[in-house]
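Asker: Please read through the structure below; I'll follow up with questions.
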Number of protein chains: 2
Amino acid sequence: MVMGRPRAFCTEKALDEAMEVFWRHGYDGATLAMLTKAMGIKPPSLYAAFGSKEGLLKAALDRYAERRSEHMRYVLAGATARDVAERFLSSIAESHTDPANPPGCLLVQGGLACGAGSENIPFELAARRAQGEAELRERFVQAREEGDLPEGSDPAALARFLSTVASGMGVLASSGADREALREVALVSLGAFPVCGAAADGSG
Amino acid sequence: MVMGRPRAFCTEKALDEAMEVFWRHGYDGATLAMLTKAMGIKPPSLYAAFGSKEGLLKAALDRYAERRSEHMRYVLAGATARDVAERFLSSIAESHTDPANPPGCLLVQGGLACGAGSENIPFELAARRAQGEAELRERFVQAREEGDLPEGSDPAALARFLSTVASGMGVLASSGADREALREVALVSLGAFPVCGAAADGSG
DNA sequence: AGACTTATCTACCACTCGATACAAAAGTTG
DNA sequence: CAACTTTTGTATCGAGTGGTAGATAAGTCT
């Protein structure tokens, strides 16, 4: 074991609590007092473990990404591109209204606009959102190579569309929309997805 | 004319400047120092005119709503429901990437999550977003009565879908996406909209 | 003119922000 | 045991927060 006094709190548990605070109040709205209270530790412990408030956010985002990667693995394992889209949208509808978490998506709630001194936070969150979109895009590129998507359809555009709807659902959920409302949006959105074997010429 | 010393600044101009600050930094991120500097006035003048920081936001939101109502009048004047959807989405793509304004939508950028003392701000913004959705819904209800929408289609669901995509496009634009990207999303989204005369049974 | 009303400016309030200095505590290593 | 290393709690730092007191300026009223 390493030398020195052992840490008295569980890093993962503390990160989960911090994640919830950031999720509910955004980066700027989350104060050190909120965070330390939720995590059950004092400021010096927080700074020793995570370096700064921004470092704590990044650690929480990493943990958030771990959670989401499980969902994405299931989503990307869909048999067809349309399956993937369906899984993606319904997964978003469920997770964004999971009563175990604050409503919406941490990557959206975390902060689209921040004050002086935290201008890079929105970029950080945007980069993480873009990663999810990239995963979808790669899957759709593969799908098209396998003849699973119509010739005229654009994998990148479809991935961006789904990512955009997911962000919108995050906004909707944070406004208090219930799970059924998000499912409805997911269903309508799926109508924009090209059907395997059908034409996608944009005329209908 | 009313008695007393006349106001030395133009309320509308000042509100436009305040709007931009809220738009770019969000409610919590916008400080009094930023606001007064942008508006070209001192704190006492701000408080005399708008009562509080929250009062200033609401006044800016009212002004924002005025601007948007012009767009919505054009959008709702579309001949068919699909016309309305097309106008709505392309209008959003343009306005959310208008170089004259910060990217995205004030009603989204303003604050989805706020800190202690401004918990009601997200509700305020959500209510204003919901108003746009309601306008679309009423227009689609009318469209369906006029036989302009297929029997199986749900006006409320379509309005909510469009509103959700608009929010998502706001998030996308605030991440730095260019106008062409938003147009692409608008085009794909339109594919989810039922075509007048076609069936809408959700089977494909 | 002089009373009255409203706006503006300087200076400042109490408070909270993120972050830290310092010493005591709790372990490991020799 | 003593030397060393790391964490923890108390107490606080300087900077910035939203908001305001009080004096002065700039108009209208009689």
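In the structure tokens, each chain is lettered A, B, ... as it comes, each chain's residues begin at 1, and ligands are numbered from 1 in order of appearance.
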Would you give me, as number ranges by chain, the residues in chain A that DSSP reads as helix (DSSP H, G or I)?

Answerer: A: 11-29, 32-39, 43-50, 53-76, 81-95, 106-109, 121-145, 155-174, 179-190

Asker: Those selected residues, please, written with C-alpha atoms and delivered as a short mmCIF file (atom, residue, chain, number, x, y, z; two decimals), in the first residue's frame.

Answerer:
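Saved result, result.cif, follows:
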```cif
data_model
loop_
_atom_site.label_atom_id
_atom_site.label_comp_id
_atom_site.auth_asym_id
_atom_site.auth_seq_id
_atom_site.Cartn_x
_atom_site.Cartn_y
_atom_site.Cartn_z
CA THR A 11 -13.63 8.60 -4.86
CA GLU A 12 -16.35 7.01 -6.98
CA LYS A 13 -19.11 7.76 -4.50
CA ALA A 14 -17.90 11.32 -4.15
CA LEU A 15 -17.80 11.71 -7.93
CA ASP A 16 -21.36 10.43 -8.23
CA GLU A 17 -22.52 13.06 -5.79
CA ALA A 18 -20.54 15.79 -7.54
CA MET A 19 -21.98 14.64 -10.88
CA GLU A 20 -25.48 15.10 -9.57
CA VAL A 21 -24.74 18.63 -8.36
CA PHE A 22 -23.23 19.64 -11.72
CA TRP A 23 -26.15 17.96 -13.48
CA ARG A 24 -28.75 19.82 -11.50
CA HIS A 25 -27.14 23.25 -11.22
CA GLY A 26 -24.68 23.44 -14.10
CA TYR A 27 -20.98 24.18 -13.76
CA ASP A 28 -21.34 27.84 -12.79
CA GLY A 29 -24.35 27.20 -10.59
CA LEU A 32 -17.93 24.61 -3.76
CA ALA A 33 -20.23 24.65 -0.76
CA MET A 34 -22.84 22.52 -2.61
CA LEU A 35 -20.21 20.16 -3.92
CA THR A 36 -18.35 19.60 -0.67
CA LYS A 37 -21.59 19.12 1.22
CA ALA A 38 -22.91 16.59 -1.29
CA MET A 39 -19.58 14.77 -1.42
CA PRO A 43 -12.45 21.84 0.29
CA PRO A 44 -8.83 20.78 0.94
CA SER A 45 -9.75 17.14 0.33
CA LEU A 46 -11.53 18.07 -2.86
CA TYR A 47 -8.57 20.04 -4.17
CA ALA A 48 -6.07 17.39 -3.16
CA ALA A 49 -8.04 14.76 -5.06
CA PHE A 50 -9.20 16.64 -8.15
CA LYS A 53 -13.44 22.70 -9.66
CA GLU A 54 -12.83 22.17 -13.35
CA GLY A 55 -10.79 19.06 -12.63
CA LEU A 56 -13.67 17.74 -10.57
CA LEU A 57 -16.06 18.34 -13.45
CA LYS A 58 -13.81 16.49 -15.87
CA ALA A 59 -13.53 13.57 -13.50
CA ALA A 60 -17.31 13.54 -13.17
CA LEU A 61 -17.65 13.70 -16.95
CA ASP A 62 -15.30 10.75 -17.30
CA ARG A 63 -17.48 8.80 -14.93
CA TYR A 64 -20.57 9.90 -16.82
CA ALA A 65 -18.95 8.67 -20.04
CA GLU A 66 -18.35 5.29 -18.46
CA ARG A 67 -22.02 4.95 -17.65
CA ARG A 68 -23.05 6.01 -21.12
CA SER A 69 -20.62 3.74 -22.89
CA GLU A 70 -22.59 0.78 -21.61
CA HIS A 71 -25.73 2.16 -23.19
CA MET A 72 -23.90 2.98 -26.40
CA ARG A 73 -22.51 -0.52 -26.66
CA TYR A 74 -26.07 -1.82 -26.64
CA VAL A 75 -27.21 0.88 -29.08
CA LEU A 76 -24.43 0.28 -31.59
CA ALA A 81 -28.93 1.28 -38.95
CA ARG A 82 -32.58 1.76 -38.18
CA ASP A 83 -32.32 -0.57 -35.24
CA VAL A 84 -29.44 1.53 -33.98
CA ALA A 85 -31.46 4.72 -34.37
CA GLU A 86 -34.43 3.19 -32.59
CA ARG A 87 -32.29 1.93 -29.73
CA PHE A 88 -30.51 5.25 -29.47
CA LEU A 89 -33.65 7.35 -29.27
CA SER A 90 -35.49 5.11 -26.85
CA SER A 91 -32.39 4.79 -24.69
CA ILE A 92 -32.22 8.59 -24.54
CA ALA A 93 -35.90 8.82 -23.67
CA GLU A 94 -35.40 6.47 -20.74
CA SER A 95 -32.09 7.76 -19.42
CA LEU A 106 -25.31 16.24 -17.98
CA LEU A 107 -23.53 17.17 -21.20
CA VAL A 108 -26.30 19.68 -21.93
CA GLN A 109 -27.24 20.73 -18.40
CA ILE A 121 -16.41 24.48 -20.01
CA PRO A 122 -18.95 24.68 -22.86
CA PHE A 123 -16.24 23.50 -25.26
CA GLU A 124 -15.42 20.60 -23.01
CA LEU A 125 -19.05 19.53 -22.93
CA ALA A 126 -19.48 20.06 -26.67
CA ALA A 127 -16.48 17.84 -27.34
CA ARG A 128 -18.02 15.06 -25.29
CA ARG A 129 -21.34 15.40 -27.09
CA ALA A 130 -19.49 15.26 -30.40
CA GLN A 131 -17.95 11.99 -29.37
CA GLY A 132 -21.34 10.33 -29.14
CA GLU A 133 -22.25 11.69 -32.54
CA ALA A 134 -18.99 10.31 -33.96
CA GLU A 135 -19.77 6.84 -32.65
CA LEU A 136 -23.13 6.92 -34.38
CA ARG A 137 -21.56 8.22 -37.59
CA GLU A 138 -19.00 5.46 -37.71
CA ARG A 139 -21.70 2.90 -37.15
CA PHE A 140 -23.76 4.36 -40.01
CA VAL A 141 -20.77 4.47 -42.32
CA GLN A 142 -20.33 0.80 -41.62
CA ALA A 143 -24.03 0.25 -42.16
CA ARG A 144 -23.90 1.87 -45.55
CA GLU A 145 -20.92 -0.21 -46.59
CA PRO A 155 -24.36 8.75 -42.51
CA ALA A 156 -22.89 11.93 -41.10
CA ALA A 157 -26.14 13.86 -41.51
CA LEU A 158 -28.14 11.07 -39.89
CA ALA A 159 -25.76 10.89 -36.94
CA ARG A 160 -25.92 14.64 -36.50
CA PHE A 161 -29.70 14.55 -36.70
CA LEU A 162 -29.94 11.92 -33.97
CA SER A 163 -27.44 13.74 -31.80
CA THR A 164 -29.38 16.96 -32.25
CA VAL A 165 -32.67 15.30 -31.31
CA ALA A 166 -30.96 13.82 -28.26
CA SER A 167 -29.82 17.29 -27.17
CA GLY A 168 -33.30 18.62 -27.76
CA MET A 169 -34.73 15.82 -25.67
CA GLY A 170 -32.31 16.81 -22.95
CA VAL A 171 -33.68 20.34 -23.02
CA LEU A 172 -37.22 18.99 -23.05
CA ALA A 173 -36.59 16.68 -20.12
CA SER A 174 -34.99 19.42 -18.08
CA ARG A 179 -41.00 9.97 -20.13
CA GLU A 180 -44.02 9.46 -22.36
CA ALA A 181 -43.45 12.84 -24.02
CA LEU A 182 -39.87 11.91 -24.82
CA ARG A 183 -40.94 8.55 -26.19
CA GLU A 184 -43.35 10.34 -28.46
CA VAL A 185 -40.60 12.61 -29.75
CA ALA A 186 -38.42 9.56 -30.31
CA LEU A 187 -41.18 7.90 -32.32
CA VAL A 188 -41.75 10.92 -34.54
CA SER A 189 -38.02 11.41 -35.01
CA LEU A 190 -37.64 7.86 -36.19
#
```

Asker: For chain C, which residues have at least one atom within 6 Å of chain A, if we go by only C-alpha atoms (C1' of nucleotides)? Write them as a list in words, please.

Answerer: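 Close to chain A, chain C has DA26, DG27 and DT28 of chain C.
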
Asker: Using only C-alpha atoms (C1' of nucleotides) and a distance of at most 9 Å, pull out the residues of chain D that contact chain A, as a list in words.

Answerer: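 In the required form, that comes to DC4, DT5, DT6, DT7, DT8 and DG9 of chain D.
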
Asker: Please, could you write that set of residues out with N, CA and C atoms (P, O5', C5', C4', C3', O3' and C1' of nucleotides) as a PDB file, in the first residue's frame?

Answerer:
```
ATOM      1  P    DC D   4      13.223  12.511   7.976  1.00  0.00           P
ATOM      2  O5'  DC D   4      11.985  11.936   7.141  1.00  0.00           O
ATOM      3  C5'  DC D   4      12.013  10.596   6.653  1.00  0.00           C
ATOM      4  C4'  DC D   4      10.673  10.229   6.035  1.00  0.00           C
ATOM      5  C3'  DC D   4      10.027  11.337   5.178  1.00  0.00           C
ATOM      6  O3'  DC D   4       9.831  10.862   3.866  1.00  0.00           O
ATOM      7  C1'  DC D   4       8.448  10.317   6.633  1.00  0.00           C
ATOM      8  P    DT D   5       9.343  11.960   2.707  1.00  0.00           P
ATOM      9  O5'  DT D   5       7.821  11.544   2.511  1.00  0.00           O
ATOM     10  C5'  DT D   5       7.477  10.162   2.352  1.00  0.00           C
ATOM     11  C4'  DT D   5       5.950  10.005   2.317  1.00  0.00           C
ATOM     12  C3'  DT D   5       5.229  11.097   1.522  1.00  0.00           C
ATOM     13  O3'  DT D   5       4.277  10.491   0.664  1.00  0.00           O
ATOM     14  C1'  DT D   5       4.291  10.908   3.686  1.00  0.00           C
ATOM     15  P    DT D   6       3.706  11.337  -0.626  1.00  0.00           P
ATOM     16  O5'  DT D   6       2.179  11.516  -0.212  1.00  0.00           O
ATOM     17  C5'  DT D   6       1.398  10.356   0.075  1.00  0.00           C
ATOM     18  C4'  DT D   6       0.240  10.713   0.968  1.00  0.00           C
ATOM     19  C3'  DT D   6      -0.688  11.829   0.454  1.00  0.00           C
ATOM     20  O3'  DT D   6      -1.938  11.254   0.109  1.00  0.00           O
ATOM     21  C1'  DT D   6      -0.282  11.993   2.790  1.00  0.00           C
ATOM     22  P    DT D   7      -3.188  12.170  -0.381  1.00  0.00           P
ATOM     23  O5'  DT D   7      -4.034  12.328   0.964  1.00  0.00           O
ATOM     24  C5'  DT D   7      -4.464  11.153   1.665  1.00  0.00           C
ATOM     25  C4'  DT D   7      -5.263  11.558   2.888  1.00  0.00           C
ATOM     26  C3'  DT D   7      -6.428  12.499   2.612  1.00  0.00           C
ATOM     27  O3'  DT D   7      -7.562  12.042   3.322  1.00  0.00           O
ATOM     28  C1'  DT D   7      -5.033  13.437   4.264  1.00  0.00           C
ATOM     29  P    DT D   8      -9.005  12.697   3.080  1.00  0.00           P
ATOM     30  O5'  DT D   8      -9.167  13.575   4.402  1.00  0.00           O
ATOM     31  C5'  DT D   8      -9.100  12.969   5.695  1.00  0.00           C
ATOM     32  C4'  DT D   8      -9.111  14.045   6.768  1.00  0.00           C
ATOM     33  C3'  DT D   8     -10.186  15.100   6.563  1.00  0.00           C
ATOM     34  O3'  DT D   8     -11.144  15.029   7.591  1.00  0.00           O
ATOM     35  C1'  DT D   8      -8.062  16.083   7.093  1.00  0.00           C
ATOM     36  P    DG D   9     -12.492  15.897   7.528  1.00  0.00           P
ATOM     37  O5'  DG D   9     -12.170  17.144   8.462  1.00  0.00           O
ATOM     38  C5'  DG D   9     -11.838  16.928   9.823  1.00  0.00           C
ATOM     39  C4'  DG D   9     -11.415  18.241  10.486  1.00  0.00           C
ATOM     40  C3'  DG D   9     -12.410  19.391  10.315  1.00  0.00           C
ATOM     41  O3'  DG D   9     -12.616  20.028  11.573  1.00  0.00           O
ATOM     42  C1'  DG D   9     -10.261  20.047   9.506  1.00  0.00           C
TER      43       DG D   9
END
```

Asker: Compare B:Leu112, B:Pro102, B:Cys10, B:Cys196 by their minimum atom-to-atom distance to chain A, counting only C-alpha atoms, and give me the closest one.

Answerer: B:Leu112

Asker: For a quick check of understanding, using only C-alpha atoms, which of A:Ala116, A:Ala177, A:Cys105, A:Ala100 has the smallest distance to chain B?

Answerer: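 Closest to chain B, using only C-alpha atoms: A:Ala116.
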
Asker: Taking into account only C-alpha atoms, which residue in the set A:Pro194, A:Cys114, A:Gly147, A:Gly104 is nearest to chain B?

Answerer: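 Between A:Pro194, A:Cys114, A:Gly147, A:Gly104, the residue approaching chain B most closely is A:Cys114.
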
Asker: Closest to chain B among A:Asp178, A:Pro99, A:Pro150, A:Gly110, using only C-alpha atoms?

Answerer: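 Going through A:Asp178, A:Pro99, A:Pro150, A:Gly110 one by one, the smallest distance to chain B is for A:Gly110.
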
Asker: Hey, can you check how far atom CA of Asn120 of chain B sits from atom C1' of DC15 of chain C?

Answerer: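 These two atoms are separated by 21.2 Å.
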
Asker: Can you measure atom CA of Glu146 of chain A to atom CA of Ala79 of chain A for me? One decimal in Å is fine.

Answerer: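 One can read the atom CA of Glu146 of chain A to atom CA of Ala79 of chain A distance as 11.1 Å.
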
Asker: Could you check which of A:Ser153, A:Ser175, A:Asn101, A:Thr80 is closest to chain B, using only C-alpha atoms?

Answerer: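 Checking each of A:Ser153, A:Ser175, A:Asn101, A:Thr80 against chain B, counting only C-alpha atoms, the winner is A:Ser175.
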
Asker: Report as a PDB file with N, CA and C atoms (P, O5', C5', C4', C3', O3' and C1' of nucleotides), in the first residue's frame all protein, DNA and RNA residues lying within 12 Å of DA11 of chain D, evaluated on only C-alpha atoms (C1' of nucleotides), omitting residues in the same chain fewer than 6 positions from it.

Answerer:
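Everything below was put into part_0.pdb:
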```pdb
ATOM      1  P    DT C  20      -5.231  26.956  -5.101  1.00  0.00           P
ATOM      2  O5'  DT C  20      -4.781  27.325  -3.611  1.00  0.00           O
ATOM      3  C5'  DT C  20      -4.895  28.668  -3.170  1.00  0.00           C
ATOM      4  C4'  DT C  20      -4.492  28.803  -1.710  1.00  0.00           C
ATOM      5  C3'  DT C  20      -3.447  27.807  -1.210  1.00  0.00           C
ATOM      6  O3'  DT C  20      -2.509  28.503  -0.408  1.00  0.00           O
ATOM      7  C1'  DT C  20      -5.318  27.782   0.209  1.00  0.00           C
ATOM      8  P    DA C  21      -0.992  27.997  -0.237  1.00  0.00           P
ATOM      9  O5'  DA C  21      -0.612  28.546   1.231  1.00  0.00           O
ATOM     10  C5'  DA C  21      -1.375  29.635   1.782  1.00  0.00           C
ATOM     11  C4'  DA C  21      -1.130  29.773   3.276  1.00  0.00           C
ATOM     12  C3'  DA C  21       0.053  28.999   3.835  1.00  0.00           C
ATOM     13  O3'  DA C  21       0.543  29.669   4.992  1.00  0.00           O
ATOM     14  C1'  DA C  21      -1.962  28.035   4.644  1.00  0.00           C
ATOM     15  P    DC C  22       1.857  29.226   5.784  1.00  0.00           P
ATOM     16  O5'  DC C  22       1.265  28.366   6.995  1.00  0.00           O
ATOM     17  C5'  DC C  22       0.149  28.863   7.711  1.00  0.00           C
ATOM     18  C4'  DC C  22      -0.353  27.825   8.712  1.00  0.00           C
ATOM     19  C3'  DC C  22       0.710  26.835   9.183  1.00  0.00           C
ATOM     20  O3'  DC C  22       0.717  26.800  10.595  1.00  0.00           O
ATOM     21  C1'  DC C  22      -1.229  25.680   8.476  1.00  0.00           C
ATOM     22  P    DA C  23       1.944  26.111  11.426  1.00  0.00           P
ATOM     23  O5'  DA C  23       1.166  25.069  12.330  1.00  0.00           O
ATOM     24  C5'  DA C  23      -0.041  25.475  12.978  1.00  0.00           C
ATOM     25  C4'  DA C  23      -0.932  24.273  13.261  1.00  0.00           C
ATOM     26  C3'  DA C  23      -0.206  23.101  13.931  1.00  0.00           C
ATOM     27  O3'  DA C  23      -1.054  22.519  14.907  1.00  0.00           O
ATOM     28  C1'  DA C  23      -1.222  22.359  11.943  1.00  0.00           C
TER      29       DA C  23
END
```
